[in-house]
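To start, the structure under review is shown below, and the notes come after it.
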Amino acid sequence: MGIYLPIAEMAVNVFVLLAMGAAVGFLSGMFGVGGGFLITPLLIFYNIPPAIAVATGANQVIAASFSGALSHIKRKTLDFKLGTVLLIGGVVGSTVGAYVYALLRALGQLDLFISLFYVVFLSAVGGLMLVESLNAMRKTRAGIAPALKKSGQHNWIHRLPLKMRFRTSKLFVSIIPILALGAGIGFLAAIMGVGGGFLMVPALIYLLKVPTNVVVGTSLFQIIFVSAYTTIIHAVANQSVDVVLAFCLMVGGVAGAQYGAKAGQKLRGEQLRALLALLVLAVGLRLAFDLFVEPNNVYSLTAAEAE
Amino acid sequence: MRRAALSILAITIMSLGFASATSAQQTANPETIEIGLSMDHVMITAGFSGTDLTIFGAVDNADPFVSRQGRYDVIVVLEGPARPIVVREKERVAGIWINLDSYKFLNIPMSYSVATTRPFQDITDPASYKQLSLGVANMYLQPSGEDFRSNVTIERFTAALRELKQTTGLYTQRIGGVEFLSQNLFRATLRVSPDVPVGTHRARAFLFKNGVFVRETSAQLAILKSGFERRVFEAAHQHSVLYGVFAVVLAMVTGWLGRVLFRRD
């Protein structure tokens with residue numbers, strides 16, 4: 001069944017969109033990420049113009065993360081205070097990101113930068129997570145209890161000024177790295193159409209040493225607001241949010257997410273992280289392939305500004 | 001009014017009879033071509049996946065001798081609204097494919113669909129097509145001329161533009177898409193792509209006799225988004241802040257509903 005997208009101005013198959021949303025929703029429910037890093041490249045592979053894929057991806061991420069955050073609120077595994085500080089940084093970052101986005105689009109290099117950002121971040125995060133989770137798996141097999149948070153162990157981040165206490169996360173840490181992290185992820189969210197969960201989750205665990213059970217909920221909380229902000233900014237600046245497209249993806253996504261969350265509970269933490277790492281790496285490699293292999297057609301068309 | 005029309009008709013019939021009697025008179029009464037669209041607008045609705053547009057037409061003052069031999073040819077074109085367009089060319093830089101060179105064209109029809117009675121080479125010669133700017137291979141694509149580039153470069157970009165428009169299905173040709181139903185009545189079937197741009201499209205019909213261009217005519221066709229699609233588009237452009245807020249609220253409600261309906265914990 002075809003459906004006409006009023007903003008993208010093209011006809012697509014509604015079942016493809018629902019299936020795409022459901023598959024990504026399942027994975028995002030399983031791993032506790034918004035799924036933006038999967039949905040935006042998938043939309044681009046499906047010939048949706050990148051500008052619309054990015055803005056609409058941000059919109060769809062809200063639904064998935066809102067749904068996820070609700071269950072974390074219920075389980076009290078959401079640190080509102082930490083989330084709010086991350087968010088302040090995020091708003092600044094995504095405002096800058098939206099300007100850079102418009103600038104790159106005018107230069108005709110937007111697609112390249114979207115791909116480059118994806119390749120760099122997905123490969124780096126995927127690679128690091130894979131190494132870490134494989135190590136953790138080896139340790140569990142050897143019978144050593146995994147310890148991500150060792151008390152008394154501090155890195156340079158904990159020596160920065162402007163410290164603040166976060167009770168839910170059992171943290172006493174400077175707000176500078178938190179704001180910076182939020183800003184960096186907000187910036188990427190605006191350019192890549194992602195909530196940044198795949199960056200936020202490892203950063204909170206490894207850099208700030210936030211307890212793993214609080215990480216997912218807090219990350220989802222901040223993602224809701226950053227992607228909501230990104231969606232509105234794109235809607236105002238570029239008119240590139242397609243609600244019909246986003247809605248089809250969301251419907252598939254929220255259904256898939258609930259089943260994914262259930263499937264995720266059956267797996268152990270390090271297995272989950274290893275699988276997520278493989279998935280992230282696969283998407284990164286697929287995009288790298290497009291950058292390095294000669295395209296079918298070296299030419300492309302873009303609508304020019306009328307004079 | 002009716003009487004005037006009748007008398008014109010009578011004169012036409014008389015002259016028709018006269019024309020077929022003497023071939024010298026034929027040149028004084030050249031053939032004309034007319035077309036009529038089965039509809040004056042095409043609605044793009046939620047389920048739109050392209051359509052076939054039928055255009056009926058007639059050749060007036062047709063020479064029965066020529067039409068019996070099948071020496072009349074008709075080419076019908078449906079041309080979308082024209083916009084400036086930039087063609088970008090990727091090149092390998094440090095192993096990565098990057099958009100490097102680009103060239104701008106002006107007034108490029110966003111869509112262009114052609115139907116002909118016979119293959120192009122059997123109707124008339126390439127020079128005539130060029131002159132008429134007719135057919136995907138021969139239509140004139142206006143270079144912007146704002147930066148001085150060699151003709152070779154411009155031709156390279158022009159060829160790329162033609163090819164890309166064809167691969168995306170926006171420029172199509174249907175050989176045999178025009179059929180003569182009688183000696184002077186014809187029917188053209190044109191492809192309207194699922195990605196057809198909205199706006200005013202122009203249908204043009206070209207008549208050829210013995211391989212020589214005789215006359216052309218045109219009609220207009222509006223391609224519109226239907227109520228819902230149009231409202232969404234207008235909302236996104238005219239009330240973009242509200243539209244953005246709506247998109248966010250919609251996502252939250254969907255997320256909440258999804259949890260209520262599908263919850264598994």
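In the structure tokens, the first chain shown is A, the next is B, and so on; residue numbers restart at 1 for each chain, and ligands run from 1 in the order shown.
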
Quick one: which chain B residues come within 7 Å of chain A, and what is the nearest atom pair for each with the distance in Å to one decimal, counting only C-alpha atoms, rows ordered by chain and ascending number, as CSV?
residue,atom,partner,partner_atom,distance
B:Thr45,CA,A:Tyr4,CA,6.8
B:Ala46,CA,A:Tyr4,CA,4.7
B:Gly47,CA,A:Ile3,CA,4.7
B:Phe48,CA,A:Tyr4,CA,5.9
B:Ser49,CA,A:Ala11,CA,5.8
B:Pro84,CA,A:Ala304,CA,5.3
B:Ile85,CA,A:Ala303,CA,4.7
B:Val86,CA,A:Thr302,CA,5.3
B:Val87,CA,A:Leu301,CA,4.7
B:Arg88,CA,A:Ser300,CA,5.2
B:Glu89,CA,A:Tyr299,CA,4.5
B:Lys90,CA,A:Val298,CA,4.8
B:Gly95,CA,A:Phe292,CA,5.9
B:Ile96,CA,A:Phe292,CA,5.0
B:Trp97,CA,A:Leu291,CA,5.6
B:Ile98,CA,A:Leu112,CA,6.7
B:Asn99,CA,A:Gln109,CA,6.7
B:Ala160,CA,A:Tyr299,CA,6.5
B:Pro194,CA,A:Ala11,CA,5.8
B:Asp195,CA,A:Met10,CA,4.7
B:Glu229,CA,A:Pro6,CA,5.1
B:Val232,CA,A:Pro6,CA,6.6
B:Phe233,CA,A:Pro6,CA,5.8
B:Ala236,CA,A:Gln239,CA,5.9
B:His237,CA,A:Gln239,CA,6.2
B:Ser240,CA,A:Val236,CA,4.9
B:Val241,CA,A:Val236,CA,5.6
B:Gly244,CA,A:Ile232,CA,4.4
B:Val245,CA,A:Ile232,CA,6.3
B:Ala247,CA,A:Val243,CA,6.1
B:Val248,CA,A:Ala228,CA,5.7
B:Ala251,CA,A:Ala63,CA,4.4
B:Met252,CA,A:Ala63,CA,5.2
B:Thr254,CA,A:Ala63,CA,6.1
B:Gly255,CA,A:Ala63,CA,4.3
B:Trp256,CA,A:Ser67,CA,5.5
B:Gly258,CA,A:Val254,CA,5.1
B:Arg259,CA,A:Ser67,CA,5.9
B:Phe262,CA,A:Ala255,CA,5.9
B:Arg263,CA,A:Gln258,CA,5.7
B:Arg264,CA,A:Gln258,CA,5.8
B:Asp265,CA,A:Lys262,CA,6.9

May I have all residues of region 56-197 of chain B that DSSP, computed from the backbone, assigns to strand (DSSP E), given as a ChimeraX atom specification? /B:56-60,72-79,82-93,96-109,112-116,142-143,171-175,178-180,185-192

Hey, what's within 9 Å of Arg191 (chain B) if we count only C-alpha atoms and toss same-chain stuff fewer than 2 positions away? As number ranges by chain, please? B: 50-53, 78, 113-115, 172-174, 189, 193

Could you please take those selected residues and save C-alpha atoms as a compact mmCIF listing (two decimals), in the first residue's frame?
# COMPACT_ATOMS: atom_id res chain seq x y z
CA GLY B 50 1.65 7.66 -10.06
CA THR B 51 -1.02 7.52 -12.73
CA ASP B 52 -1.58 7.36 -16.46
CA LEU B 53 -2.93 10.51 -18.02
CA LEU B 78 3.52 16.77 -20.36
CA SER B 113 6.89 12.87 -20.00
CA VAL B 114 6.66 12.16 -23.72
CA ALA B 115 4.46 9.88 -25.85
CA THR B 172 9.93 9.38 -19.32
CA GLN B 173 9.34 8.50 -22.95
CA ARG B 174 6.69 6.14 -24.25
CA THR B 189 -1.24 7.97 -22.77
CA SER B 193 5.45 9.67 -11.90

Identify which of the residues A:Val85, A:Val226, A:Leu17, A:Leu287 lies closest to Phe166 (chain A), counting only C-alpha atoms when measuring atom-to-atom distances.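 Looking only at the distances to Phe166 (chain A), the closest residue turns out to be A:Val85.
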
Select from region 27-269 of chain A everything DSSP, run on the backbone, classes as alpha helix (DSSP H), then give the selection as a PyMOL selection string. chain A and resi 27-31+36-45+50-74+80-107+110-142+175-192+197-202+212-237+243-265+269

Show me, as an NGL selection string, the residues that have an atom within 9 Å of Ile176 (chain A) when counting only C-alpha atoms, minus same-chain residues fewer than 2 positions from it. :A and (157 or 160-163 or 173-174 or 178-181)

Tell me, in Å to one decimal, how far CA of Gly57 (chain A) is from CA of Ile39 (chain A). 6.2 Å

One decimal place gives the CA of Ala282 (chain A)-CA of Arg268 (chain A) separation as 21.2 Å

Suppose you want the space between CA of Arg273 (chain A) and CA of Val131 (chain A); what is it in Å?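 Atom-to-atom, CA of Arg273 (chain A) to CA of Val131 (chain A), that is 10.0 Å.
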
I'd like to know which of B:Arg215, B:Phe208, B:Phe105, B:Leu250 is closest to Thr117 (chain B), using only C-alpha atoms. B:Phe208

Do a neighbour search on Gly264 (chain A) at 10 Å with only C-alpha atoms, toss out local chain neighbours closer than 4 positions, and write the hits as a list in words. Phe26, Leu27, Ser28, Gly29, Met30, Phe31, Gly32, Gln258, Tyr259, Gly260, Arg268, Gly269, Gln271 and Leu272 of chain A

Emit the selected residues as an mmCIF file, in the first residue's frame, including C-alpha atoms.
data_model
loop_
_atom_site.group_PDB
_atom_site.id
_atom_site.type_symbol
_atom_site.label_atom_id
_atom_site.label_comp_id
_atom_site.auth_asym_id
_atom_site.auth_seq_id
_atom_site.Cartn_x
_atom_site.Cartn_y
_atom_site.Cartn_z
ATOM 1 C CA PHE A 26 12.629 -3.670 18.823
ATOM 2 C CA LEU A 27 16.369 -2.967 18.906
ATOM 3 C CA SER A 28 15.949 0.338 20.702
ATOM 4 C CA GLY A 29 13.747 -1.262 23.343
ATOM 5 C CA MET A 30 16.293 -4.027 23.760
ATOM 6 C CA PHE A 31 19.317 -1.740 24.116
ATOM 7 C CA GLY A 32 17.674 1.306 25.670
ATOM 8 C CA GLN A 258 7.905 -3.065 24.075
ATOM 9 C CA TYR A 259 8.764 -6.495 22.663
ATOM 10 C CA GLY A 260 12.412 -5.479 22.423
ATOM 11 C CA ARG A 268 23.045 -10.371 30.336
ATOM 12 C CA GLY A 269 24.432 -6.823 30.383
ATOM 13 C CA GLN A 271 25.993 -9.726 25.981
ATOM 14 C CA LEU A 272 23.586 -6.879 25.332
#
